[in-house]
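**Student:** Structure file entry.tsv, TSV, C-alpha atoms, is pasted below:
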```tsv
chain	number	residue	atom	x	y	z
C	19	MET	CA	9.63	19.59	15.78
C	20	SER	CA	12.20	22.16	14.94
C	21	GLY	CA	10.25	25.00	13.55
C	22	ALA	CA	11.29	28.52	12.87
C	23	GLY	CA	11.18	29.27	16.58
C	24	ASP	CA	13.73	26.60	17.44
C	25	GLY	CA	16.18	28.16	15.02
C	26	LEU	CA	19.79	27.18	15.23
C	27	ASN	CA	19.43	25.34	18.54
C	28	GLY	CA	17.00	22.85	17.07
C	29	ARG	CA	19.29	22.19	14.15
C	30	GLU	CA	22.31	21.79	16.36
C	31	ALA	CA	20.42	19.46	18.66
C	32	ASP	CA	19.29	17.36	15.69
C	33	ALA	CA	22.82	17.13	14.33
C	34	ARG	CA	24.17	16.16	17.74
C	35	VAL	CA	21.56	13.44	18.20
C	36	ALA	CA	22.19	12.13	14.68
C	37	VAL	CA	25.92	11.89	15.36
C	38	GLU	CA	25.24	10.10	18.65
C	39	ILE	CA	22.98	7.61	16.90
C	40	LYS	CA	25.68	6.96	14.34
C	41	ALA	CA	28.20	6.26	17.12
C	42	LEU	CA	25.77	4.04	19.04
C	43	GLN	CA	25.02	2.02	15.93
C	44	ALA	CA	28.73	1.58	15.27
C	45	ALA	CA	29.21	0.41	18.86
C	46	GLY	CA	26.38	-2.09	18.51
C	47	ARG	CA	24.28	-0.36	21.18
C	48	LEU	CA	21.21	-0.54	19.01
C	49	GLU	CA	18.55	-0.17	21.68
C	50	GLU	CA	20.06	3.11	22.82
C	51	ALA	CA	20.37	4.21	19.21
C	52	ARG	CA	16.67	3.57	18.69
C	53	ASP	CA	15.80	5.49	21.84
C	54	ARG	CA	17.77	8.48	20.63
C	55	PHE	CA	16.23	8.22	17.20
C	56	ALA	CA	12.76	8.32	18.78
C	57	GLU	CA	13.60	11.90	19.83
C	58	LEU	CA	14.16	12.87	16.22
C	59	VAL	CA	10.92	11.16	15.24
C	60	THR	CA	9.01	13.12	17.86
C	61	ARG	CA	10.53	16.41	16.71
C	62	HIS	CA	10.00	15.97	12.98
C	63	GLN	CA	6.99	13.72	12.72
C	64	ARG	CA	4.19	16.29	12.50
C	65	ARG	CA	6.00	18.40	9.94
C	66	ALA	CA	6.80	15.30	7.93
C	67	ALA	CA	3.16	14.22	8.04
C	68	ARG	CA	2.01	17.63	6.76
C	69	ILE	CA	4.49	17.61	3.91
C	70	ALA	CA	3.67	14.05	2.91
C	71	TYR	CA	-0.08	14.59	3.20
C	72	HIS	CA	-0.11	17.67	0.97
C	73	TYR	CA	2.33	16.15	-1.45
C	74	VAL	CA	0.78	12.72	-2.00
C	75	ARG	CA	-2.78	13.91	-1.13
C	76	ASP	CA	-3.74	10.66	0.54
C	77	SER	CA	-3.50	10.02	4.26
C	78	ALA	CA	-2.64	6.31	4.06
C	79	ASP	CA	0.07	6.92	1.49
C	80	ALA	CA	1.36	9.85	3.52
C	81	ASP	CA	1.45	7.70	6.66
C	82	GLU	CA	3.51	5.05	4.92
C	83	ALA	CA	5.77	7.62	3.28
C	84	VAL	CA	6.58	9.16	6.66
C	85	GLN	CA	7.28	5.76	8.19
C	86	ASP	CA	9.49	4.74	5.30
C	87	ALA	CA	11.39	8.03	5.45
C	88	PHE	CA	12.18	7.62	9.14
C	89	VAL	CA	13.19	4.00	8.69
C	90	LYS	CA	15.42	4.96	5.79
C	91	ALA	CA	16.93	7.82	7.77
C	92	TYR	CA	17.75	5.43	10.62
C	93	THR	CA	19.27	2.76	8.42
C	94	HIS	CA	21.28	5.29	6.38
C	95	ILE	CA	22.26	7.60	9.20
C	96	GLY	CA	25.85	6.62	8.56
C	97	THR	CA	25.72	8.75	5.41
C	98	PHE	CA	24.44	11.82	7.25
C	99	ARG	CA	26.90	14.72	7.08
C	100	GLU	CA	27.00	17.05	10.03
C	101	GLU	CA	27.42	20.19	7.94
C	102	LEU	CA	23.95	19.66	6.46
C	103	PRO	CA	20.98	20.17	8.80
C	104	PHE	CA	19.31	16.89	9.69
C	105	GLU	CA	15.97	18.46	8.78
C	106	VAL	CA	17.10	19.15	5.22
C	107	TRP	CA	18.62	15.70	4.84
C	108	PHE	CA	15.52	14.02	6.21
C	109	THR	CA	13.12	16.15	4.15
C	110	ARG	CA	14.97	15.16	1.00
C	111	ILE	CA	14.50	11.51	1.89
C	112	LEU	CA	10.83	12.15	2.55
C	113	ILE	CA	10.25	14.07	-0.67
C	114	ASN	CA	12.01	11.41	-2.73
C	115	GLY	CA	9.84	8.77	-1.06
C	116	CYS	CA	6.69	10.77	-1.78
C	117	LEU	CA	7.74	11.22	-5.38
C	118	ASP	CA	8.25	7.48	-5.74
C	119	ARG	CA	4.80	6.89	-4.30
C	120	LEU	CA	3.21	9.30	-6.73
C	121	LYS	CA	4.89	7.52	-9.62
C	122	GLN	CA	3.74	4.16	-8.29
C	123	ARG	CA	0.22	5.48	-7.87
C	124	LYS	CA	0.12	6.79	-11.42
C	125	ARG	CA	1.16	3.38	-12.70
C	126	ARG	CA	-1.37	1.68	-10.44
C	127	GLU	CA	-4.23	4.00	-11.34
C	128	LYS	CA	-3.99	2.87	-14.93
C	129	TRP	CA	-5.33	-0.48	-13.78
C	130	ILE	CA	-7.26	0.09	-10.59
C	131	ALA	CA	-10.19	2.41	-10.02
C	132	PRO	CA	-10.05	4.73	-6.98
C	133	VAL	CA	-11.52	3.21	-3.84
C	134	THR	CA	-13.31	5.99	-1.99
C	135	ILE	CA	-14.95	8.75	-3.93
C	136	ASP	CA	-17.27	11.28	-2.37
C	137	PRO	CA	-20.37	12.60	-4.16
C	138	SER	CA	-18.41	15.47	-5.67
C	139	GLY	CA	-16.03	12.99	-7.27
C	140	VAL	CA	-13.05	13.72	-5.02
C	141	GLU	CA	-11.04	10.84	-3.65
C	142	ARG	CA	-11.34	10.97	0.12
C	143	ASN	CA	-9.96	9.02	3.00
C	144	PRO	CA	-12.49	7.57	5.45
C	145	ALA	CA	-10.53	9.24	8.27
C	146	GLU	CA	-11.53	12.61	6.87
C	147	PHE	CA	-15.17	11.85	7.49
C	148	VAL	CA	-14.65	11.74	11.24
C	149	PRO	CA	-16.18	14.93	12.59
C	150	ALA	CA	-13.99	17.33	14.53
C	151	ARG	CA	-14.87	18.33	18.07
C	152	GLY	CA	-15.78	21.86	19.04
C	153	PRO	CA	-17.18	24.01	16.24
C	154	SER	CA	-20.84	24.15	15.35
C	155	PRO	CA	-22.12	21.99	12.52
C	156	GLU	CA	-22.30	25.01	10.21
C	157	GLU	CA	-18.72	26.04	10.98
C	158	HIS	CA	-17.65	22.46	10.59
C	159	VAL	CA	-19.27	22.20	7.17
C	160	LEU	CA	-17.75	25.49	6.02
C	161	ARG	CA	-14.33	24.49	7.27
C	162	GLU	CA	-14.58	21.13	5.61
C	163	GLU	CA	-15.62	22.87	2.41
C	164	ARG	CA	-12.63	25.22	2.54
C	165	ARG	CA	-10.26	22.35	3.19
C	166	ARG	CA	-11.77	20.33	0.40
C	167	ARG	CA	-11.41	23.23	-2.02
C	168	LEU	CA	-7.82	23.81	-0.96
C	169	HIS	CA	-7.07	20.10	-1.26
C	170	GLU	CA	-8.59	20.05	-4.74
C	171	ALA	CA	-6.80	23.23	-5.79
C	172	LEU	CA	-3.45	21.87	-4.60
C	173	GLY	CA	-4.16	18.74	-6.56
C	174	GLN	CA	-4.48	20.78	-9.72
C	175	LEU	CA	-0.96	22.15	-9.37
C	176	PRO	CA	1.90	20.44	-11.18
C	177	GLU	CA	4.03	18.37	-8.80
C	178	ARG	CA	6.94	20.77	-8.59
C	179	GLN	CA	4.75	23.81	-8.07
C	180	ARG	CA	2.89	21.95	-5.35
C	181	LEU	CA	6.11	20.92	-3.65
C	182	VAL	CA	7.59	24.41	-3.76
C	183	PHE	CA	4.36	26.02	-2.58
C	184	MET	CA	4.00	23.54	0.23
C	185	LEU	CA	7.53	23.93	1.50
C	186	SER	CA	7.56	27.70	1.26
C	187	GLN	CA	4.01	28.35	2.43
C	188	PHE	CA	3.09	25.52	4.76
C	189	GLU	CA	6.59	25.08	6.12
C	190	GLY	CA	7.62	28.72	5.95
C	191	ARG	CA	10.85	28.00	4.06
C	192	SER	CA	12.73	30.67	2.18
C	193	SER	CA	13.47	30.23	-1.52
C	194	ARG	CA	17.04	29.33	-0.66
C	195	GLU	CA	15.94	26.67	1.82
C	196	VAL	CA	13.43	25.24	-0.65
C	197	SER	CA	16.21	25.18	-3.21
C	198	GLY	CA	18.36	23.21	-0.77
C	199	LEU	CA	15.52	20.82	0.02
C	200	THR	CA	14.45	20.13	-3.53
C	201	GLY	CA	17.68	20.57	-5.45
C	202	LEU	CA	16.01	23.13	-7.70
C	203	ASN	CA	17.65	26.38	-8.68
C	204	GLU	CA	16.69	29.27	-6.41
C	205	SER	CA	15.27	31.35	-9.26
C	206	THR	CA	13.34	28.29	-10.45
C	207	VAL	CA	11.90	27.98	-6.96
C	208	ARG	CA	10.70	31.59	-7.09
C	209	VAL	CA	9.10	31.09	-10.49
C	210	HIS	CA	7.36	27.89	-9.33
C	211	LEU	CA	6.14	29.64	-6.21
C	212	PHE	CA	4.74	32.60	-8.09
C	213	ARG	CA	3.00	30.37	-10.63
C	214	ALA	CA	1.57	28.20	-7.88
C	215	ILE	CA	0.20	31.19	-5.97
C	216	ARG	CA	-1.23	32.79	-9.08
C	217	ARG	CA	-2.92	29.57	-10.06
C	218	LEU	CA	-4.27	28.89	-6.58
C	219	ARG	CA	-5.60	32.42	-6.30
C	220	GLY	CA	-7.31	31.88	-9.63
C	221	ILE	CA	-8.90	28.64	-8.42
C	222	LEU	CA	-9.73	29.59	-4.85
C	223	GLY	CA	-10.51	33.22	-5.48
C	224	LYS	CA	-8.62	36.17	-4.16
C	225	THR	CA	-11.00	36.97	-1.34
C	226	SER	CA	-9.94	36.16	2.16
C	227	SER	CA	-12.86	34.18	3.59
C	228	LYS	CA	-12.43	35.55	7.12
C	229	THR	CA	-11.61	39.17	6.47
C	230	GLY	CA	-13.32	39.75	3.17
C	231	VAL	CA	-10.33	41.75	1.96
C	232	ARG	CA	-9.95	41.64	-1.77
C	233	GLY	CA	-6.53	41.27	-3.27
C	234	GLY	CA	-7.45	41.97	-6.85
C	235	ARG	CA	-5.47	43.67	-9.55
C	236	VAL	CA	-5.10	47.38	-9.64
C	237	SER	CA	-7.89	49.01	-11.55
C	238	ARG	CA	-6.49	51.16	-14.30
C	239	ALA	CA	-9.64	53.24	-14.20
C	240	ALA	CA	-8.63	54.43	-10.76
C	241	HIS	CA	-5.71	56.33	-12.23
Q	13	MET	CA	10.88	49.57	-9.99
Q	14	ARG	CA	11.14	47.90	-13.34
Q	15	LEU	CA	10.49	49.81	-16.53
Q	16	ILE	CA	7.67	47.47	-17.51
Q	17	ASP	CA	5.88	48.22	-14.25
Q	18	PHE	CA	6.19	51.90	-14.92
Q	19	VAL	CA	4.96	51.67	-18.53
Q	20	VAL	CA	2.30	48.94	-18.41
Q	21	ARG	CA	1.08	49.14	-14.83
Q	22	GLN	CA	1.23	52.88	-14.47
Q	23	GLY	CA	3.95	52.65	-11.92
Q	24	HIS	CA	2.38	49.89	-9.77
Q	25	LEU	CA	4.13	46.66	-8.91
Q	26	SER	CA	3.29	43.50	-10.78
Q	27	GLU	CA	1.58	40.64	-8.97
Q	28	GLN	CA	4.76	38.62	-9.25
Q	29	ALA	CA	6.79	41.34	-7.62
Q	30	LEU	CA	4.24	41.62	-4.83
Q	31	ILE	CA	4.13	37.87	-4.26
Q	32	GLU	CA	7.90	37.65	-4.22
Q	33	ALA	CA	8.01	40.55	-1.81
Q	34	VAL	CA	5.44	39.00	0.52
Q	35	ALA	CA	6.80	35.45	0.28
Q	36	GLY	CA	10.41	36.55	0.56
Q	37	GLY	CA	9.79	38.97	3.37
Q	38	GLU	CA	11.26	41.85	1.41
Q	39	ARG	CA	9.57	45.22	1.34
Q	40	PRO	CA	10.06	47.20	-1.87
Q	41	ALA	CA	10.35	50.93	-1.33
Q	42	HIS	CA	7.44	51.49	-3.69
Q	43	ILE	CA	5.02	49.96	-1.19
Q	44	ASP	CA	5.83	52.68	1.33
Q	45	ARG	CA	4.90	55.32	-1.22
Q	46	CYS	CA	1.90	53.65	-2.88
Q	47	ASP	CA	-1.21	52.89	-0.82
Q	48	ILE	CA	-2.76	50.79	-3.58
Q	49	CYS	CA	0.24	48.47	-3.83
Q	50	ALA	CA	0.49	48.36	-0.04
Q	51	GLU	CA	-3.14	47.27	0.15
Q	52	ARG	CA	-2.57	44.64	-2.54
Q	53	ALA	CA	0.47	43.36	-0.68
Q	54	VAL	CA	-1.53	43.11	2.54
Q	55	ALA	CA	-4.31	41.24	0.74
Q	56	ILE	CA	-1.85	38.77	-0.75
Q	57	GLY	CA	-0.21	38.33	2.62
Q	58	ARG	CA	-3.55	37.62	4.29
Q	59	TRP	CA	-4.53	35.20	1.55
Q	60	MET	CA	-1.25	33.34	1.95
Q	61	ASP	CA	-1.58	33.24	5.73
Q	62	GLU	CA	-5.04	31.84	5.43
Q	63	VAL	CA	-4.02	29.17	2.93
Q	64	GLN	CA	-1.11	28.25	5.17
Q	65	ARG	CA	-3.40	27.94	8.20
Q	66	GLU	CA	-6.01	25.97	6.28
Q	67	GLY	CA	-3.36	23.65	4.92
Q	68	ALA	CA	-1.88	22.98	8.33
Q	69	GLU	CA	-5.33	22.44	9.84
Q	70	ALA	CA	-6.31	20.04	7.06
Q	71	ALA	CA	-3.20	17.93	7.63
Q	72	ASP	CA	-3.54	18.06	11.42
Q	73	ALA	CA	-7.18	17.01	11.22
Q	74	VAL	CA	-6.10	13.85	9.42
Q	75	PHE	CA	-2.94	13.24	11.45
Q	76	THR	CA	-4.35	13.50	14.95
Q	77	PRO	CA	-2.08	13.09	17.99
Q	78	GLU	CA	-3.38	9.53	18.40
Q	79	ARG	CA	-2.52	8.69	14.83
Q	80	LEU	CA	0.93	10.23	15.17
Q	81	ALA	CA	1.53	8.20	18.33
Q	82	ALA	CA	0.50	5.03	16.53
Q	83	GLN	CA	2.73	5.97	13.64
Q	84	GLN	CA	5.68	6.53	15.95
Q	85	SER	CA	5.27	3.15	17.64
Q	86	GLN	CA	5.01	1.53	14.22
Q	87	ILE	CA	8.26	3.22	13.16
Q	88	LEU	CA	10.05	2.05	16.29
Q	89	ARG	CA	8.73	-1.48	15.82
Q	90	ARG	CA	10.08	-1.53	12.29
Q	91	LEU	CA	13.45	-0.25	13.51
Q	92	GLU	CA	13.56	-2.99	16.12
Q	93	GLN	CA	12.89	-5.59	13.46
Q	94	ILE	CA	15.72	-4.16	11.38
Q	95	ASP	CA	18.12	-4.26	14.33
Q	96	ASN	CA	17.04	-7.74	15.42
Q	97	PRO	CA	16.09	-9.61	12.28
Q	98	GLY	CA	14.49	-13.01	12.75
Q	99	ARG	CA	16.64	-16.12	12.28
Q	100	VAL	CA	16.38	-17.62	8.84
Q	101	ILE	CA	16.84	-21.38	8.77
Q	102	ALA	CA	18.67	-22.46	5.65
Q	103	PHE	CA	16.53	-25.57	5.31
Q	104	PRO	CA	17.34	-26.93	1.83
Q	105	ALA	CA	21.08	-26.21	1.91
Q	106	ALA	CA	21.58	-27.71	5.38
Q	107	SER	CA	19.65	-30.89	4.66
Q	108	ARG	CA	21.52	-31.46	1.39
Q	109	SER	CA	24.90	-31.02	3.01
Q	110	GLU	CA	23.95	-33.31	5.88
Q	111	ARG	CA	22.92	-36.01	3.44
Q	112	ALA	CA	26.12	-35.63	1.50
Q	113	ALA	CA	28.13	-35.91	4.69
Q	114	GLY	CA	26.29	-39.12	5.66
Q	115	GLY	CA	27.44	-40.86	2.45
Q	116	ARG	CA	24.07	-42.50	1.81
Q	117	ARG	CA	22.50	-41.47	-1.41
Q	118	VAL	CA	19.58	-43.07	-3.15
Q	119	SER	CA	19.88	-43.25	-6.90
Q	120	ALA	CA	17.31	-41.25	-8.77
Q	121	SER	CA	16.47	-44.23	-10.97
Q	122	TRP	CA	15.54	-46.28	-7.90
Q	123	VAL	CA	13.27	-43.55	-6.77
Q	124	GLY	CA	11.53	-43.73	-10.14
Q	125	VAL	CA	11.22	-47.50	-9.97
Q	126	ALA	CA	9.84	-47.33	-6.47
Q	127	ALA	CA	7.32	-44.73	-7.53
Q	128	ALA	CA	6.20	-46.84	-10.52
Q	129	ALA	CA	5.94	-49.95	-8.36
Q	130	GLY	CA	3.94	-48.04	-5.82
Q	131	LEU	CA	1.61	-46.85	-8.54
Q	132	VAL	CA	1.06	-50.38	-9.89
Q	133	ILE	CA	0.51	-51.81	-6.42
Q	134	GLY	CA	-1.89	-49.06	-5.68
Q	135	ILE	CA	-3.93	-49.62	-8.83
Q	136	VAL	CA	-4.04	-53.41	-8.42
Q	137	GLY	CA	-4.80	-53.20	-4.73
Q	138	GLY	CA	-7.51	-50.70	-5.42
Q	139	GLN	CA	-9.11	-52.91	-8.02
Q	140	MET	CA	-8.99	-55.93	-5.74
Q	141	SER	CA	-10.35	-54.17	-2.77
Q	142	ALA	CA	-13.09	-52.73	-4.93
Q	143	ARG	CA	-14.08	-56.18	-6.08
Q	144	LEU	CA	-13.92	-57.71	-2.62
Q	145	ASN	CA	-15.95	-55.01	-1.15
Q	146	GLN	CA	-18.46	-55.10	-3.96
Q	147	PRO	CA	-21.86	-55.83	-2.42
Q	148	VAL	CA	-23.48	-59.11	-3.46
Q	149	VAL	CA	-26.41	-58.37	-5.64
Q	150	PRO	CA	-29.24	-60.70	-4.69
Q	151	VAL	CA	-30.45	-62.69	-7.66
Q	152	PRO	CA	-34.09	-62.16	-8.15
Q	153	GLN	CA	-35.83	-65.44	-7.59
Q	154	THR	CA	-38.72	-66.35	-9.78
Q	155	ALA	CA	-41.88	-67.83	-8.47
Q	156	ASP	CA	-41.13	-71.14	-10.30
Q	157	ALA	CA	-37.77	-71.58	-8.70
Q	158	GLN	CA	-39.08	-70.80	-5.29
Q	159	GLY	CA	-42.28	-72.63	-4.88
Q	160	ALA	CA	-42.97	-74.75	-7.95
Q	161	PRO	CA	-43.65	-78.39	-6.93
Q	162	VAL	CA	-41.23	-80.97	-8.28
Q	163	ASP	CA	-42.74	-83.22	-10.87
Q	164	SER	CA	-42.75	-86.43	-8.83
Q	165	GLN	CA	-44.09	-88.41	-11.74
Q	166	PHE	CA	-41.03	-87.52	-13.79
Q	167	LEU	CA	-38.71	-88.55	-10.97
Q	168	ASP	CA	-40.48	-91.81	-10.34
Q	169	GLN	CA	-40.30	-92.72	-13.99
Q	170	SER	CA	-37.79	-95.47	-14.59
Q	171	TYR	CA	-34.77	-94.69	-16.62
Q	172	ASP	CA	-35.46	-97.73	-18.73
Q	173	GLN	CA	-38.81	-96.49	-19.62
Q	174	SER	CA	-37.57	-93.20	-20.98
Q	175	THR	CA	-36.90	-93.32	-24.60
Q	176	ILE	CA	-35.42	-90.82	-26.89
Q	177	SER	CA	-36.10	-91.55	-30.47
Q	178	ALA	CA	-32.71	-90.32	-31.70
Q	179	PHE	CA	-30.87	-92.73	-29.44
Q	180	GLU	CA	-33.06	-95.77	-30.06
Q	181	ALA	CA	-30.59	-97.38	-32.47
Q	182	VAL	CA	-27.72	-96.98	-30.10
Q	183	ASP	CA	-29.85	-98.23	-27.29
Q	184	GLU	CA	-30.65	-101.41	-29.23
Q	185	MET	CA	-26.98	-102.20	-29.73
Q	186	THR	CA	-26.07	-101.65	-26.11
Q	187	PRO	CA	-26.32	-104.75	-23.93
Q	188	ARG	CA	-28.26	-104.35	-20.74
Q	189	LEU	CA	-26.64	-105.12	-17.40
Q	190	ILE	CA	-29.53	-107.30	-16.38
Q	191	GLN	CA	-29.36	-109.29	-19.58
Q	192	ALA	CA	-25.62	-109.82	-19.14
Q	193	SER	CA	-25.97	-111.06	-15.58
Q	194	ASN	CA	-28.78	-113.43	-16.61
Q	195	ARG	CA	-26.61	-114.87	-19.32
Q	196	ASN	CA	-23.71	-115.45	-16.95
Q	197	GLY	CA	-25.82	-116.79	-14.12
Q	198	GLY	CA	-28.28	-118.75	-16.23
```
Have the structure of the file written as structure tokens, please.

**Tutor:**
Amino acid sequence: MSGAGDGLNGREADARVAVEIKALQAAGRLEEARDRFAELVTRHQRRAARIAYHYVRDSADADEAVQDAFVKAYTHIGTFREELPFEVWFTRILINGCLDRLKQRKRREKWIAPVTIDPSGVERNPAEFVPARGPSPEEHVLREERRRRLHEALGQLPERQRLVFMLSQFEGRSSREVSGLTGLNESTVRVHLFRAIRRLRGILGKTSSKTGVRGGRVSRAAH
Amino acid sequence: MRLIDFVVRQGHLSEQALIEAVAGGERPAHIDRCDICAERAVAIGRWMDEVQREGAEAADAVFTPERLAAQQSQILRRLEQIDNPGRVIAFPAASRSERAAGGRRVSASWVGVAAAAGLVIGIVGGQMSARLNQPVVPVPQTADAQGAPVDSQFLDQSYDQSTISAFEAVDEMTPRLIQASNRNGG
């Protein structure tokens, strides 16, 4: 995974591998091409899973979206341009795939009732019920509660706000990078981000659960 | 600092400005001078860090290393299928062309006739076999038919002695064999 720490080297390595895969495919050396592509999968898979999971808000859908995105990237690698980072190109494919899935789901949900609903009425995946190892039951419950609240709060955001928030906050992208990934104007990205944060802080509360620091508005009475 | 911040917020930064500053990594000069805004910026930064961590943990809890490994092998399997697609046998097209090449074609009307004949034969054969295989229903025998004694007196009675009133006139006109032989012999 090429994170912020990998920097330019990660991007260059991705671009080099992508170009090699293109050449191997053209030469008919498909097995080698697949082997090289597996490197890209390894590097970008976790990040892709996070993006897809928070975007489509369903683990099975996210799983399929990630698979489809990688398959599409492999089959269309001939259209990859070296001047664009592979990560950006791939993330666009992934986001478009997620968007299609959300549209499909909306159409489907008109006819089919949700499958798994927990007592609080939130759609959950059975995989989420598997307990984590390590923390005490109390910590586990609190953590699960925080995650559930965050998941719910993200679900209340409009799609674009959620996408922008996710890319800039969870992926640590700058407004310019998010603009490149989503095709949105940079100032639009900033507005979406601000609105998303303001709304989430309204839903989740402004108190940091660990530190207890309050990030409230400035009291006019203080001045 | 914007004029609106100075007028409405008594010189403090708006929440939007703070969020943009924290998210964008910029540090407005005002924060260095104002402890309140600096504290607000720190609080927003902590909140955002926490949400980021929670979000990453939530996704990682669902997509465990085992699940990612399974996902990767599934991706590679799909790629292999794309590179080596299974052979598709063009069954209908091939068989039609082979038949055309052979020069032997059965007229569609003959196929219809054969089907109708088969249907008729089937119906008739079915009916016949149903009749042949029909089990013989035993006729219930009455007690009279089974064990009633034959009237021996009726059997022993001479034909000549039996008279039916309706036929008496005819009987009178009919010459008897015995009488005829007596006449010839006598």

**Student:** Rounded to one decimal in Å, what is the spacing between CA of Gly201 in chain C and CA of Cys116 in chain C?

**Tutor:**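 Distance between the two atoms: 15.2 Å.
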
**Student:** What lies within 9 Å of range 76-91 of chain C using only C-alpha atoms, ignoring chain neighbours under 4 positions off, as a PyMOL selection string?

**Tutor:** (chain C and resi 59+63+66-72+95+98+107-109+111-116+119+141-143+145-146) or (chain Q and resi 71+74-75+80+83-84+86-88+90-91+94)

**Student:** At a cut-off of 8 Å, which residues of chain Q touch chain C? Count only C-alpha atoms and give the answer as a compact mmCIF listing (two decimals) with C-alpha atoms, in the frame of the given file.

**Tutor:**
```
# COMPACT_ATOMS: atom_id res chain seq x y z
CA ARG Q 21 1.08 49.14 -14.83
CA GLN Q 22 1.23 52.88 -14.47
CA HIS Q 24 2.38 49.89 -9.77
CA GLU Q 27 1.58 40.64 -8.97
CA GLN Q 28 4.76 38.62 -9.25
CA ILE Q 31 4.13 37.87 -4.26
CA GLU Q 32 7.90 37.65 -4.22
CA ALA Q 35 6.80 35.45 0.28
CA GLY Q 36 10.41 36.55 0.56
CA ILE Q 48 -2.76 50.79 -3.58
CA CYS Q 49 0.24 48.47 -3.83
CA GLU Q 51 -3.14 47.27 0.15
CA ARG Q 52 -2.57 44.64 -2.54
CA ALA Q 53 0.47 43.36 -0.68
CA VAL Q 54 -1.53 43.11 2.54
CA ALA Q 55 -4.31 41.24 0.74
CA ILE Q 56 -1.85 38.77 -0.75
CA ARG Q 58 -3.55 37.62 4.29
CA TRP Q 59 -4.53 35.20 1.55
CA MET Q 60 -1.25 33.34 1.95
CA GLU Q 62 -5.04 31.84 5.43
CA VAL Q 63 -4.02 29.17 2.93
CA GLN Q 64 -1.11 28.25 5.17
CA ARG Q 65 -3.40 27.94 8.20
CA GLU Q 66 -6.01 25.97 6.28
CA GLY Q 67 -3.36 23.65 4.92
CA ALA Q 68 -1.88 22.98 8.33
CA ALA Q 70 -6.31 20.04 7.06
CA ALA Q 71 -3.20 17.93 7.63
CA ASP Q 72 -3.54 18.06 11.42
CA ALA Q 73 -7.18 17.01 11.22
CA VAL Q 74 -6.10 13.85 9.42
CA PHE Q 75 -2.94 13.24 11.45
CA LEU Q 80 0.93 10.23 15.17
CA GLN Q 83 2.73 5.97 13.64
CA GLN Q 84 5.68 6.53 15.95
CA GLN Q 86 5.01 1.53 14.22
CA ILE Q 87 8.26 3.22 13.16
CA LEU Q 88 10.05 2.05 16.29
CA ARG Q 90 10.08 -1.53 12.29
CA LEU Q 91 13.45 -0.25 13.51
CA GLU Q 92 13.56 -2.99 16.12
CA ASP Q 95 18.12 -4.26 14.33
```

**Student:** May I have the protein, DNA and RNA residues with an atom at most 10 Å from (21.1, 18.3, 14.0), counting only C-alpha atoms in the file's coordinates, returned as a list in words?

**Tutor:**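 Protein and nucleic acid residues near the point are Ser20, Leu26, Asn27, Gly28, Arg29, Glu30, Ala31, Asp32, Ala33, Arg34, Val35, Ala36, Val37, Leu58, Phe98, Arg99, Glu100, Glu101, Leu102, Pro103, Phe104, Glu105, Val106 and Trp107 of chain C.
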
**Student:** Select, counting only C-alpha atoms, all protein, DNA and RNA residues no farther than 12 Å from (10.1, 51.9, -3.3) in file coordinates, and express the selection as a count of residues only.

**Tutor:** 20

**Student:** Take CA of Leu117 in chain C and CA of Val207 in chain C and report the distance between them in Å, one decimal.

**Tutor:**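 These atoms are spaced 17.3 Å apart.
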
**Student:** Could you write range 63-72 of chain C as an mmCIF file, keeping the file's coordinate frame, with N, CA and C atoms rebuilt where they are missing?

**Tutor:**
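Once written, part16.cif looks like this:
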```
data_model
loop_
_atom_site.group_PDB
_atom_site.id
_atom_site.type_symbol
_atom_site.label_atom_id
_atom_site.label_comp_id
_atom_site.auth_asym_id
_atom_site.auth_seq_id
_atom_site.Cartn_x
_atom_site.Cartn_y
_atom_site.Cartn_z
ATOM 1 N N GLN C 63 8.076 14.542 13.244
ATOM 2 C CA GLN C 63 6.990 13.720 12.720
ATOM 3 C C GLN C 63 5.821 14.547 12.174
ATOM 4 N N ARG C 64 5.364 15.529 12.927
ATOM 5 C CA ARG C 64 4.190 16.290 12.500
ATOM 6 C C ARG C 64 4.476 17.049 11.185
ATOM 7 N N ARG C 65 5.636 17.664 11.141
ATOM 8 C CA ARG C 65 6.000 18.400 9.940
ATOM 9 C C ARG C 65 6.077 17.444 8.742
ATOM 10 N N ALA C 66 6.670 16.300 8.997
ATOM 11 C CA ALA C 66 6.800 15.300 7.930
ATOM 12 C C ALA C 66 5.418 14.841 7.451
ATOM 13 N N ALA C 67 4.508 14.665 8.403
ATOM 14 C CA ALA C 67 3.160 14.220 8.040
ATOM 15 C C ALA C 67 2.450 15.277 7.193
ATOM 16 N N ARG C 68 2.638 16.540 7.548
ATOM 17 C CA ARG C 68 2.010 17.630 6.760
ATOM 18 C C ARG C 68 2.560 17.645 5.339
ATOM 19 N N ILE C 69 3.871 17.576 5.243
ATOM 20 C CA ILE C 69 4.490 17.610 3.910
ATOM 21 C C ILE C 69 3.985 16.441 3.073
ATOM 22 N N ALA C 70 4.058 15.255 3.659
ATOM 23 C CA ALA C 70 3.670 14.050 2.910
ATOM 24 C C ALA C 70 2.193 14.099 2.531
ATOM 25 N N TYR C 71 1.360 14.559 3.464
ATOM 26 C CA TYR C 71 -0.080 14.590 3.200
ATOM 27 C C TYR C 71 -0.409 15.528 2.034
ATOM 28 N N HIS C 72 0.187 16.723 2.045
ATOM 29 C CA HIS C 72 -0.110 17.670 0.970
ATOM 30 C C HIS C 72 0.558 17.268 -0.338
#
```
